[in-house]
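One structure is given below, encoded as structure tokens.
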Amino acid sequence: MLDETLALLAPADVESPVLVDCTFGAGGFTQGILTRIPGARVIALDADPEAYDRARALARRYEQRLTPVHANFAQLADVLASLGVGSVNGVVYDLGLSSLQLADAARGFAFAGEGELDMRLDPTSDAATAAQLLATAKEGEIADIIFEFGDERNARRIARQIVRRRERSPLRTTSDLVAAVLAAQPRGAHRRGIHPATRTFLALRMAVNEDLDSLAASLEAAIACVRPGGRIAVISFHSGEDRVVKHQFAAWRRAGVAEVLTRKPLSPTQTEIAANPRSRSAKLRAAARTDQNLPRSA
């Protein structure tokens with residue numbers, strides 16, 4: 001959805017916009033901005049050290065136009081302050097994991113392959129890993145995480161299996177967690193559609209990285225730093241993330257500080273879905289900052 005996002009993000013009347021890519025990832029959006037908007041400057045954030053290294057490599061090709069920063073997007077306000085940037089023309093988010101993160105078994109994000117149950121976006125941080133979370137959380141807490149973030153109807157059965165198994169041996173690897181999920185499936189259940197562990201892995205990754213809280217904090221910072229007329233565009237892949245964006249945009253509209261540009265979220269075309277099946281759940285929302293001052297509650 002690069003074309004649609006850039007069309008909504010870039011202010012037409014600004015010659016050299018300053019834009020923030022809050023989720024550099026593989027660099028697709030940043031590179032799209034730099035190649036299609038010749039005068040644009042991009043500040044690219046990512047919590048993943050490997051993504052930060054990719055951003056630094058790209059910055060060597062775009063001197064003075066790309067500033068990579070190793071930071072979670074929840075730190076947006078602090079990042080801009082540290083760079084001496086008072087305001088920007090736009091902020092873009094492409095939420096979820098990149099294909100590179102999913103393909104790296106050592107990160108523990110995917111159930112295919114064997115890796116440690118880490119799941120931290122920044123493995124150099126002091127945050128608890130998924131393995132540590134599963135070793136210490138109560139059964140009810142684990143069930144709530146899997147149900148609320150993963151919409152997994154077998155959440156309680158899976159949590160029960162996890163607790164039973166950790167009493168014998170801690171769950172340390174992705175295969176340990178997959179085995180617990182499979183053992184929790186109702187007798188006679190048939191596999192249809194996605195793998196039974198998909199929702200559990202998604203839920204734990206979101207819990208480990210506090211995804212929804214970080215997104216809410218980042219959006220609050222984004223509306224405060226975007227200049228009047230500037231845009232905020234968000235692509236989400238999870239209903240919980242889309243709900244945070246939808247409600248925040250609606251709150252800004254009611255407060256008069258932003259105009260919602262997407263009455264309904266935009267979805268990928270069938271052509272894009274055919275080329276990238278993972279994009280099928282993508283939803284794009286965008287808002288434009290008005291010239292009204294922010295109320296204290298916004």
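In the structure tokens, each chain is lettered A, B, ... as it comes, each chain's residues begin at 1, and ligands are numbered from 1 in order of appearance.
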*asked:* Just want the 7 Å neighbourhood of segment 233-247 of chain A, counted on only C-alpha atoms, with same-chain residues fewer than 6 positions away dropped. Output as a list in words.
replied: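 Surrounding residues, per the criterion: Thr5, Leu9, Val91, Val92, Tyr93, Asp94, Leu95, Gly96, Leu212, Ala216, Ser281, Ala282, Lys283, Leu284, Arg285, Ala286 and Ala287 of chain A.
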I need the residues from that last selection saved to file as a PDB file, in the first residue's frame (with C-alpha atoms), if you can.
```
ATOM      1  CA  THR A   5       0.099   5.819   1.822  1.00  0.00           C
ATOM      2  CA  LEU A   9       1.112  11.373   3.664  1.00  0.00           C
ATOM      3  CA  VAL A  91       4.420  10.651  10.403  1.00  0.00           C
ATOM      4  CA  VAL A  92       3.929   7.171   8.960  1.00  0.00           C
ATOM      5  CA  TYR A  93       3.548   3.792  10.681  1.00  0.00           C
ATOM      6  CA  ASP A  94       3.680   0.383   8.993  1.00  0.00           C
ATOM      7  CA  LEU A  95       2.842  -1.794  11.981  1.00  0.00           C
ATOM      8  CA  GLY A  96       3.510  -5.490  12.509  1.00  0.00           C
ATOM      9  CA  LEU A 212      -0.885  -1.240  21.927  1.00  0.00           C
ATOM     10  CA  ALA A 216      -1.184   4.965  21.781  1.00  0.00           C
ATOM     11  CA  SER A 281      -5.397  -7.893   6.630  1.00  0.00           C
ATOM     12  CA  ALA A 282      -3.839  -4.445   6.161  1.00  0.00           C
ATOM     13  CA  LYS A 283      -5.893  -1.341   6.947  1.00  0.00           C
ATOM     14  CA  LEU A 284      -4.726   2.173   6.129  1.00  0.00           C
ATOM     15  CA  ARG A 285      -6.037   5.200   8.006  1.00  0.00           C
ATOM     16  CA  ALA A 286      -4.850   8.793   7.700  1.00  0.00           C
ATOM     17  CA  ALA A 287      -5.550  12.131   9.365  1.00  0.00           C
TER      18      ALA A 287
END
```
*Could you pull out the strand (DSSP E or B) residues of segment 26-222 of chain A from DSSP and send them as a list in words?*
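So the strand (DSSP E or B) residues in segment 26-222 of chain A would be Arg41, Val42, Ile43, Ala44, Leu45, Asp46, Leu66, Thr67, Pro68, Val69, His70, Val88, Asn89, Gly90, Val91, Val92, Tyr93, Asp94, Glu116 and Thr173 of chain A.
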Take the residues from that selection and write them out as a PDB file, in the first residue's frame, keeping C-alpha atoms.
```pdb
ATOM      1  CA  ARG A  41      14.060  14.543   4.682  1.00  0.00           C
ATOM      2  CA  VAL A  42      13.236  11.373   6.650  1.00  0.00           C
ATOM      3  CA  ILE A  43      13.798  10.581  10.309  1.00  0.00           C
ATOM      4  CA  ALA A  44      13.608   6.779  10.527  1.00  0.00           C
ATOM      5  CA  LEU A  45      12.951   5.017  13.828  1.00  0.00           C
ATOM      6  CA  ASP A  46      13.116   1.332  14.648  1.00  0.00           C
ATOM      7  CA  LEU A  66      17.973  10.355   6.128  1.00  0.00           C
ATOM      8  CA  THR A  67      18.510  10.300   9.892  1.00  0.00           C
ATOM      9  CA  PRO A  68      18.330   6.783  11.384  1.00  0.00           C
ATOM     10  CA  VAL A  69      17.475   6.440  15.081  1.00  0.00           C
ATOM     11  CA  HIS A  70      17.496   3.279  17.176  1.00  0.00           C
ATOM     12  CA  VAL A  88       7.416  17.720  11.173  1.00  0.00           C
ATOM     13  CA  ASN A  89       5.158  17.512   8.134  1.00  0.00           C
ATOM     14  CA  GLY A  90       4.115  13.909   8.464  1.00  0.00           C
ATOM     15  CA  VAL A  91       4.420  10.651  10.403  1.00  0.00           C
ATOM     16  CA  VAL A  92       3.929   7.171   8.960  1.00  0.00           C
ATOM     17  CA  TYR A  93       3.548   3.792  10.681  1.00  0.00           C
ATOM     18  CA  ASP A  94       3.680   0.383   8.993  1.00  0.00           C
ATOM     19  CA  GLU A 116      14.639 -19.196  21.561  1.00  0.00           C
ATOM     20  CA  THR A 173      12.014 -22.532  22.506  1.00  0.00           C
TER      21      THR A 173
END
```
*Contacts of Gln185 of chain A at 12 Å or less, counting only C-alpha atoms, minus same-chain residues fewer than 2 places along, as a list in words?*
Glu152, Arg153, Asn154, Ala155, Arg156, Arg157, Ile158, Ala159, Arg160, Gln161, Val178, Ala179, Ala180, Val181, Leu182, Ala183, Arg187, Gly188, Ala189, His190, Arg191, His195, Pro196 and Ala197 of chain A
*Exercise: Ala110 of chain A partners within 9 Å, only C-alpha atoms, chain neighbours under 4 positions left out, as JSON, numbers by chain*: {"A": [101, 102, 103, 104, 105, 114, 115, 119, 174, 198, 201, 202]}
Residues from last step as file, N, CA and C atoms, as an mmCIF file, in the first residue's frame:
```
data_model
loop_
_atom_site.group_PDB
_atom_site.id
_atom_site.type_symbol
_atom_site.label_atom_id
_atom_site.label_comp_id
_atom_site.auth_asym_id
_atom_site.auth_seq_id
_atom_site.Cartn_x
_atom_site.Cartn_y
_atom_site.Cartn_z
ATOM 1 N N GLN A 101 12.144 -10.204 9.954
ATOM 2 C CA GLN A 101 12.045 -10.620 11.355
ATOM 3 C C GLN A 101 11.410 -12.000 11.473
ATOM 4 N N LEU A 102 10.378 -12.242 10.686
ATOM 5 C CA LEU A 102 9.705 -13.534 10.728
ATOM 6 C C LEU A 102 10.597 -14.659 10.209
ATOM 7 N N ALA A 103 11.453 -14.333 9.255
ATOM 8 C CA ALA A 103 12.303 -15.353 8.646
ATOM 9 C C ALA A 103 13.477 -15.743 9.534
ATOM 10 N N ASP A 104 13.788 -14.918 10.529
ATOM 11 C CA ASP A 104 14.929 -15.181 11.413
ATOM 12 C C ASP A 104 14.448 -16.011 12.602
ATOM 13 N N ALA A 105 14.679 -17.324 12.543
ATOM 14 C CA ALA A 105 14.190 -18.222 13.593
ATOM 15 C C ALA A 105 14.756 -17.874 14.959
ATOM 16 N N GLU A 114 13.185 -23.451 14.563
ATOM 17 C CA GLU A 114 13.503 -23.603 15.982
ATOM 18 C C GLU A 114 14.302 -22.403 16.462
ATOM 19 N N GLY A 115 13.820 -21.758 17.523
ATOM 20 C CA GLY A 115 14.537 -20.616 18.068
ATOM 21 C C GLY A 115 14.151 -20.383 19.511
ATOM 22 N N MET A 119 11.210 -12.897 21.211
ATOM 23 C CA MET A 119 10.106 -12.076 20.710
ATOM 24 C C MET A 119 10.249 -10.588 20.992
ATOM 25 N N THR A 174 10.673 -22.026 20.570
ATOM 26 C CA THR A 174 9.426 -21.918 19.822
ATOM 27 C C THR A 174 8.738 -23.267 19.710
ATOM 28 N N THR A 198 -0.678 -19.776 15.503
ATOM 29 C CA THR A 198 -0.524 -18.431 14.941
ATOM 30 C C THR A 198 -0.972 -17.353 15.914
ATOM 31 N N PHE A 201 1.260 -16.992 19.163
ATOM 32 C CA PHE A 201 2.531 -16.310 18.908
ATOM 33 C C PHE A 201 2.318 -14.810 18.731
ATOM 34 N N LEU A 202 1.280 -14.442 17.979
ATOM 35 C CA LEU A 202 0.973 -13.025 17.785
ATOM 36 C C LEU A 202 0.691 -12.345 19.114
#
```
*Give me the residues within 9 Å of Gly25 of chain A as a PyMOL selection string, counting only C-alpha atoms and dropping any in the same chain fewer than 6 places off.*
chain A and resi 45-46+48+50-52+54-55+94+97-101
What's the 10 Å shell around segment 120-135 of chain A, counting only C-alpha atoms, without same-chain residues fewer than 2 positions away, as an mmCIF file with N, CA and C atoms, in the first residue's frame?
```cif
data_model
loop_
_atom_site.group_PDB
_atom_site.id
_atom_site.type_symbol
_atom_site.label_atom_id
_atom_site.label_comp_id
_atom_site.auth_asym_id
_atom_site.auth_seq_id
_atom_site.Cartn_x
_atom_site.Cartn_y
_atom_site.Cartn_z
ATOM 1 N N ASP A 46 13.430 2.748 14.508
ATOM 2 C CA ASP A 46 13.116 1.332 14.648
ATOM 3 C C ASP A 46 13.743 0.818 15.933
ATOM 4 N N ALA A 47 12.975 0.004 16.660
ATOM 5 C CA ALA A 47 13.482 -0.573 17.906
ATOM 6 C C ALA A 47 14.443 -1.724 17.644
ATOM 7 N N ASP A 48 14.359 -2.320 16.468
ATOM 8 C CA ASP A 48 15.171 -3.481 16.118
ATOM 9 C C ASP A 48 16.565 -3.029 15.692
ATOM 10 N N PRO A 49 17.626 -3.483 16.372
ATOM 11 C CA PRO A 49 18.979 -3.055 16.000
ATOM 12 C C PRO A 49 19.344 -3.427 14.566
ATOM 13 N N GLU A 50 18.826 -4.542 14.059
ATOM 14 C CA GLU A 50 19.144 -4.939 12.686
ATOM 15 C C GLU A 50 18.493 -3.987 11.687
ATOM 16 N N ALA A 51 17.275 -3.558 11.979
ATOM 17 C CA ALA A 51 16.614 -2.579 11.110
ATOM 18 C C ALA A 51 17.359 -1.251 11.173
ATOM 19 N N HIS A 70 17.853 4.541 16.528
ATOM 20 C CA HIS A 70 17.496 3.279 17.176
ATOM 21 C C HIS A 70 16.595 3.593 18.371
ATOM 22 N N ALA A 71 15.290 3.481 18.162
ATOM 23 C CA ALA A 71 14.336 3.822 19.222
ATOM 24 C C ALA A 71 12.975 3.230 18.900
ATOM 25 N N ASN A 72 12.225 2.918 19.931
ATOM 26 C CA ASN A 72 10.831 2.512 19.783
ATOM 27 C C ASN A 72 9.990 3.738 19.461
ATOM 28 N N LEU A 97 5.248 -7.082 12.027
ATOM 29 C CA LEU A 97 6.610 -7.537 11.809
ATOM 30 C C LEU A 97 6.963 -7.512 10.331
ATOM 31 N N GLN A 101 12.144 -10.204 9.954
ATOM 32 C CA GLN A 101 12.045 -10.620 11.355
ATOM 33 C C GLN A 101 11.410 -12.000 11.473
ATOM 34 N N ARG A 107 14.969 -15.143 16.391
ATOM 35 C CA ARG A 107 14.229 -14.092 17.089
ATOM 36 C C ARG A 107 13.031 -14.648 17.858
ATOM 37 N N GLY A 108 12.541 -15.811 17.471
ATOM 38 C CA GLY A 108 11.434 -16.431 18.198
ATOM 39 C C GLY A 108 10.065 -15.927 17.843
ATOM 40 N N PHE A 109 9.946 -15.132 16.766
ATOM 41 C CA PHE A 109 8.645 -14.585 16.388
ATOM 42 C C PHE A 109 7.754 -15.615 15.697
ATOM 43 N N GLU A 116 14.944 -19.561 20.184
ATOM 44 C CA GLU A 116 14.639 -19.196 21.561
ATOM 45 C C GLU A 116 13.361 -18.362 21.599
ATOM 46 N N LEU A 117 12.588 -18.513 22.662
ATOM 47 C CA LEU A 117 11.363 -17.731 22.825
ATOM 48 C C LEU A 117 11.722 -16.336 23.336
ATOM 49 N N ASP A 118 12.197 -15.507 22.432
ATOM 50 C CA ASP A 118 12.585 -14.150 22.791
ATOM 51 C C ASP A 118 11.436 -13.191 22.485
ATOM 52 N N ALA A 137 4.192 -15.593 34.646
ATOM 53 C CA ALA A 137 2.796 -15.143 34.666
ATOM 54 C C ALA A 137 1.872 -16.230 35.198
ATOM 55 N N LYS A 138 0.811 -15.795 35.835
ATOM 56 C CA LYS A 138 -0.190 -16.740 36.312
ATOM 57 C C LYS A 138 -0.995 -17.283 35.136
ATOM 58 N N GLU A 139 -1.611 -18.431 35.354
ATOM 59 C CA GLU A 139 -2.363 -19.065 34.280
ATOM 60 C C GLU A 139 -3.435 -18.134 33.723
ATOM 61 N N GLU A 141 -3.459 -14.883 33.716
ATOM 62 C CA GLU A 141 -2.835 -13.787 32.977
ATOM 63 C C GLU A 141 -2.435 -14.237 31.576
ATOM 64 N N ILE A 142 -1.885 -15.441 31.480
ATOM 65 C CA ILE A 142 -1.502 -15.972 30.171
ATOM 66 C C ILE A 142 -2.738 -16.142 29.293
ATOM 67 N N ALA A 159 -3.305 -21.876 27.967
ATOM 68 C CA ALA A 159 -2.654 -21.403 29.191
ATOM 69 C C ALA A 159 -2.480 -22.543 30.190
ATOM 70 N N ILE A 162 0.421 -24.664 29.084
ATOM 71 C CA ILE A 162 1.692 -23.984 29.322
ATOM 72 C C ILE A 162 2.109 -24.127 30.780
ATOM 73 N N VAL A 163 1.175 -23.910 31.703
ATOM 74 C CA VAL A 163 1.492 -24.000 33.137
ATOM 75 C C VAL A 163 1.845 -25.426 33.531
ATOM 76 N N ARG A 166 5.384 -26.143 32.158
ATOM 77 C CA ARG A 166 6.489 -25.422 32.787
ATOM 78 C C ARG A 166 6.793 -25.972 34.167
ATOM 79 N N GLU A 167 5.850 -26.696 34.776
ATOM 80 C CA GLU A 167 6.116 -27.330 36.068
ATOM 81 C C GLU A 167 7.147 -28.442 35.924
ATOM 82 N N SER A 169 9.307 -28.549 32.992
ATOM 83 C CA SER A 169 10.474 -27.934 32.356
ATOM 84 C C SER A 169 10.054 -26.609 31.736
ATOM 85 N N PRO A 170 10.846 -25.559 31.914
ATOM 86 C CA PRO A 170 10.475 -24.249 31.347
ATOM 87 C C PRO A 170 10.327 -24.316 29.827
ATOM 88 N N LEU A 171 9.425 -23.519 29.304
ATOM 89 C CA LEU A 171 9.279 -23.398 27.861
ATOM 90 C C LEU A 171 10.344 -22.415 27.382
ATOM 91 N N ARG A 172 11.313 -22.918 26.659
ATOM 92 C CA ARG A 172 12.445 -22.086 26.255
ATOM 93 C C ARG A 172 12.472 -21.791 24.751
ATOM 94 N N THR A 173 11.894 -22.676 23.956
ATOM 95 C CA THR A 173 12.014 -22.532 22.506
ATOM 96 C C THR A 173 10.643 -22.420 21.847
ATOM 97 N N THR A 174 10.673 -22.026 20.570
ATOM 98 C CA THR A 174 9.426 -21.918 19.822
ATOM 99 C C THR A 174 8.738 -23.267 19.710
ATOM 100 N N ASP A 176 8.787 -25.628 21.913
ATOM 101 C CA ASP A 176 8.152 -25.908 23.204
ATOM 102 C C ASP A 176 6.758 -25.290 23.242
ATOM 103 N N LEU A 177 6.649 -24.055 22.762
ATOM 104 C CA LEU A 177 5.355 -23.367 22.780
ATOM 105 C C LEU A 177 4.397 -23.993 21.776
ATOM 106 N N PHE A 201 1.260 -16.992 19.163
ATOM 107 C CA PHE A 201 2.531 -16.310 18.908
ATOM 108 C C PHE A 201 2.318 -14.810 18.731
ATOM 109 N N LEU A 204 1.568 -13.171 22.210
ATOM 110 C CA LEU A 204 2.734 -13.047 23.082
ATOM 111 C C LEU A 204 3.687 -11.966 22.588
ATOM 112 N N ARG A 205 3.869 -11.875 21.265
ATOM 113 C CA ARG A 205 4.728 -10.831 20.734
ATOM 114 C C ARG A 205 4.187 -9.452 21.088
ATOM 115 N N MET A 206 2.870 -9.267 20.987
ATOM 116 C CA MET A 206 2.278 -7.978 21.305
ATOM 117 C C MET A 206 2.401 -7.671 22.791
ATOM 118 N N ALA A 207 2.264 -8.692 23.628
ATOM 119 C CA ALA A 207 2.382 -8.482 25.072
ATOM 120 C C ALA A 207 3.816 -8.155 25.465
ATOM 121 N N VAL A 208 4.772 -8.892 24.921
ATOM 122 C CA VAL A 208 6.178 -8.684 25.254
ATOM 123 C C VAL A 208 6.619 -7.263 24.906
ATOM 124 N N ASN A 209 6.152 -6.769 23.766
ATOM 125 C CA ASN A 209 6.583 -5.456 23.289
ATOM 126 C C ASN A 209 5.617 -4.329 23.630
ATOM 127 N N GLU A 210 4.558 -4.653 24.389
ATOM 128 C CA GLU A 210 3.571 -3.652 24.807
ATOM 129 C C GLU A 210 3.100 -2.828 23.606
#
```
_My list of candidates is A:Phe24, A:Glu15, A:Pro265, A:Ile194. Which is closest to Ala59 of chain A when distances are computed with only C-alpha atoms?_
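Using only C-alpha atoms, Ala59 of chain A sits closest to A:Phe24.
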*Expressed in Å to a single decimal, how great is the separation between atom CA of Phe147 of chain A and atom CA of Glu220 of chain A?*
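Separating atom CA of Phe147 of chain A from atom CA of Glu220 of chain A is a distance of 26.7 Å.
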